[in-house]
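Asks: Shown below is the structure under consideration.
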Amino acid sequence: MQPLEQTRHAFILPWAPVTTSHPSRLVTLGGVNDEQFQLFFALLALLALAGSVALVVARLASGAARPLLDGLAPLRLPVPALVTSVAMLGSLWFSEVVGYRPCVLCWYQRIAMYSLAIVLVVASVRRDRNIVPYAMVLAGVGAAVSGYHWLLERWPSIDTGSCSPDAPCSVPYFEVFGFVSLAFMALCAFVTVLVFLGVLSGPGAARMEQPATAAVTTQTKEPA
């Protein structure tokens, strides 16, 4: 399969170019076209990544930022649940509505992302922090795959034979700002999950868990 010709399009904002390797698809939803959705999800991914970096810096700052981390601790599960759910819906939009065919590496990332979305939403509703270690393993695997996928888009020569000719992993459907592809968006989502679950802890997280713990204690308590 010959690589498709690279073409450059512009969003409604002149500073937000997108490079696409496929013909432009005029898919719209409520007056919003495909390119605007690409920009929207790209900005969400960059925002999530920036927030994750800020949390890591705050954690490294030790005592000075401890009140901030404690205040954000109740969001330890809801934010990852929201991020993975949005990522799942976005991937379904691009594949089922726009028509972008997922490659092999895309499917591996979907397995991790969709599983995370389900378990994190349930854990967030139930305020169950016991899911954290398992979710971090899934997010770590997903981050490794998406990171490799993004590097493969930069340097196709590192392909280990996982790509198929009809859906090549090394040819992104689009790139916003010259580097934000679907693989990069997935990487941002997985990193956000890892940071929120791994960095945020403390009294705020403990208070979030108390209602669920109290409910379980009440149900299992033997009558006098």
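Chain labels A, B, ... are given in the sequence in which chains occur in the structure tokens; within each chain residues are numbered consecutively from 1, and ligands are likewise numbered from 1 in the order shown.
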Taking the chain letters and numbering used in this document, name the residues of segment 23-219 of chain A that DSSP puts in alpha helix (DSSP H), as a VMD selection string.

Replies: chain A and resid 34 to 60 66 to 72 78 to 92 104 to 126 132 to 154 182 to 199 203 to 219

Asks: Restricted to C-alpha atoms, what would the selected residues look like written as a CSV table (one decimal), in the first residue's frame?

Replies:
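Listing of again_31.csv after writing:
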```
chain,number,residue,atom,x,y,z
A,34,ASP,CA,-14.5,16.8,11.5
A,35,GLU,CA,-11.6,19.2,11.6
A,36,GLN,CA,-13.1,21.2,14.4
A,37,PHE,CA,-13.6,18.0,16.4
A,38,GLN,CA,-9.9,17.2,15.8
A,39,LEU,CA,-8.9,20.5,17.2
A,40,PHE,CA,-11.3,20.1,20.2
A,41,PHE,CA,-9.9,16.7,21.2
A,42,ALA,CA,-6.3,17.9,20.6
A,43,LEU,CA,-6.8,20.8,23.0
A,44,LEU,CA,-8.4,18.5,25.6
A,45,ALA,CA,-5.5,16.2,25.4
A,46,LEU,CA,-2.9,19.0,25.7
A,47,LEU,CA,-4.9,20.4,28.7
A,48,ALA,CA,-5.0,17.0,30.4
A,49,LEU,CA,-1.2,16.6,29.8
A,50,ALA,CA,-0.5,20.1,31.2
A,51,GLY,CA,-2.6,19.4,34.3
A,52,SER,CA,-0.8,16.2,34.8
A,53,VAL,CA,2.6,17.8,34.6
A,54,ALA,CA,1.4,20.5,37.0
A,55,LEU,CA,0.4,17.9,39.5
A,56,VAL,CA,3.7,16.1,39.3
A,57,VAL,CA,5.6,19.4,39.8
A,58,ALA,CA,3.3,20.2,42.8
A,59,ARG,CA,4.0,16.8,44.3
A,60,LEU,CA,7.8,17.3,43.9
A,66,ARG,CA,0.5,19.7,50.0
A,67,PRO,CA,-2.8,21.7,50.7
A,68,LEU,CA,-3.5,21.9,47.0
A,69,LEU,CA,-2.9,18.1,46.5
A,70,ASP,CA,-5.1,17.3,49.5
A,71,GLY,CA,-7.9,19.6,48.1
A,72,LEU,CA,-7.7,17.8,44.7
A,78,PRO,CA,-13.7,11.2,38.9
A,79,VAL,CA,-11.1,12.9,36.7
A,80,PRO,CA,-9.6,9.7,35.3
A,81,ALA,CA,-13.1,8.3,34.8
A,82,LEU,CA,-14.1,11.5,32.9
A,83,VAL,CA,-10.9,11.5,30.8
A,84,THR,CA,-11.1,7.9,29.8
A,85,SER,CA,-14.8,8.2,29.0
A,86,VAL,CA,-14.2,11.2,26.7
A,87,ALA,CA,-11.3,9.3,25.1
A,88,MET,CA,-13.5,6.3,24.5
A,89,LEU,CA,-16.3,8.4,23.0
A,90,GLY,CA,-13.8,10.3,20.8
A,91,SER,CA,-12.3,7.2,19.4
A,92,LEU,CA,-15.8,5.8,18.6
A,104,VAL,CA,-3.5,-3.0,15.2
A,105,LEU,CA,-1.9,-0.7,17.8
A,106,CYS,CA,-5.1,1.4,18.0
A,107,TRP,CA,-7.0,-1.8,19.0
A,108,TYR,CA,-4.6,-2.5,21.8
A,109,GLN,CA,-5.0,1.0,23.1
A,110,ARG,CA,-8.8,0.7,22.8
A,111,ILE,CA,-8.8,-2.5,24.9
A,112,ALA,CA,-7.0,-0.6,27.7
A,113,MET,CA,-8.9,2.6,27.4
A,114,TYR,CA,-12.4,1.1,27.2
A,115,SER,CA,-11.7,-1.2,30.1
A,116,LEU,CA,-10.4,1.8,32.2
A,117,ALA,CA,-13.5,3.9,31.3
A,118,ILE,CA,-15.8,1.2,32.6
A,119,VAL,CA,-14.1,0.3,35.8
A,120,LEU,CA,-13.2,3.9,36.7
A,121,VAL,CA,-16.7,5.1,36.2
A,122,VAL,CA,-18.0,2.3,38.5
A,123,ALA,CA,-15.3,2.9,41.0
A,124,SER,CA,-15.9,6.6,41.0
A,125,VAL,CA,-19.6,6.1,41.6
A,126,ARG,CA,-19.0,3.6,44.4
A,132,VAL,CA,-6.4,2.0,41.8
A,133,PRO,CA,-3.6,-0.6,41.5
A,134,TYR,CA,-5.4,-2.5,38.7
A,135,ALA,CA,-6.3,0.7,36.9
A,136,MET,CA,-2.7,1.9,37.0
A,137,VAL,CA,-1.5,-1.4,35.4
A,138,LEU,CA,-4.0,-1.0,32.6
A,139,ALA,CA,-3.0,2.7,32.1
A,140,GLY,CA,0.7,1.8,32.2
A,141,VAL,CA,0.3,-0.8,29.5
A,142,GLY,CA,-1.9,1.6,27.4
A,143,ALA,CA,0.7,4.4,27.8
A,144,ALA,CA,3.5,2.1,26.7
A,145,VAL,CA,1.6,1.1,23.5
A,146,SER,CA,0.4,4.6,22.7
A,147,GLY,CA,3.9,6.0,23.3
A,148,TYR,CA,5.4,3.4,20.9
A,149,HIS,CA,2.7,4.1,18.4
A,150,TRP,CA,3.4,7.9,18.5
A,151,LEU,CA,7.1,7.2,18.0
A,152,LEU,CA,6.3,4.9,15.2
A,153,GLU,CA,4.5,7.7,13.4
A,154,ARG,CA,7.6,9.8,13.7
A,182,LEU,CA,-4.8,10.0,17.9
A,183,ALA,CA,-1.9,8.1,19.4
A,184,PHE,CA,-0.7,11.2,21.2
A,185,MET,CA,-4.2,11.9,22.5
A,186,ALA,CA,-4.4,8.4,23.9
A,187,LEU,CA,-1.0,8.8,25.5
A,188,CYS,CA,-2.1,12.0,27.2
A,189,ALA,CA,-5.2,10.2,28.6
A,190,PHE,CA,-3.2,7.3,30.0
A,191,VAL,CA,-0.6,9.6,31.5
A,192,THR,CA,-3.4,11.6,33.2
A,193,VAL,CA,-4.9,8.5,34.7
A,194,LEU,CA,-1.5,7.4,36.0
A,195,VAL,CA,-0.8,10.8,37.5
A,196,PHE,CA,-4.1,11.3,39.2
A,197,LEU,CA,-4.2,7.8,40.6
A,198,GLY,CA,-0.5,7.8,41.6
A,199,VAL,CA,0.1,11.4,42.8
A,203,PRO,CA,-6.9,13.3,53.8
A,204,GLY,CA,-9.1,14.3,50.9
A,205,ALA,CA,-9.0,10.9,49.3
A,206,ALA,CA,-9.5,9.3,52.6
A,207,ARG,CA,-12.6,11.3,53.2
A,208,MET,CA,-13.9,10.3,49.8
A,209,GLU,CA,-13.6,6.7,50.8
A,210,GLN,CA,-15.3,6.9,54.2
A,211,PRO,CA,-19.0,6.9,53.0
A,212,ALA,CA,-18.4,3.7,51.0
A,213,THR,CA,-16.5,2.1,53.9
A,214,ALA,CA,-19.2,3.0,56.4
A,215,ALA,CA,-21.9,1.5,54.2
A,216,VAL,CA,-20.0,-1.8,53.9
A,217,THR,CA,-19.5,-1.8,57.7
A,218,THR,CA,-23.2,-1.2,58.4
A,219,GLN,CA,-24.2,-4.0,56.1
```

Asks: Looking at only C-alpha atoms, which of A:Cys103, A:Leu200, A:Val98, A:Ile131 is the one that sits closest to Pro165 of chain A?

Replies: A:Cys103

Asks: Go ahead and compute the interatomic distance for atom CA of Ile158 of chain A and atom CA of Val171 of chain A, in Å to one decimal.

Replies: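 Atom CA of Ile158 of chain A sits 13.2 Å away from atom CA of Val171 of chain A.
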
Asks: Between atom CA of Ser164 of chain A and atom CA of Tyr100 of chain A, what is the distance, to one decimal in Å?

Replies: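 Separation between atom CA of Ser164 of chain A and atom CA of Tyr100 of chain A: 14.8 Å.
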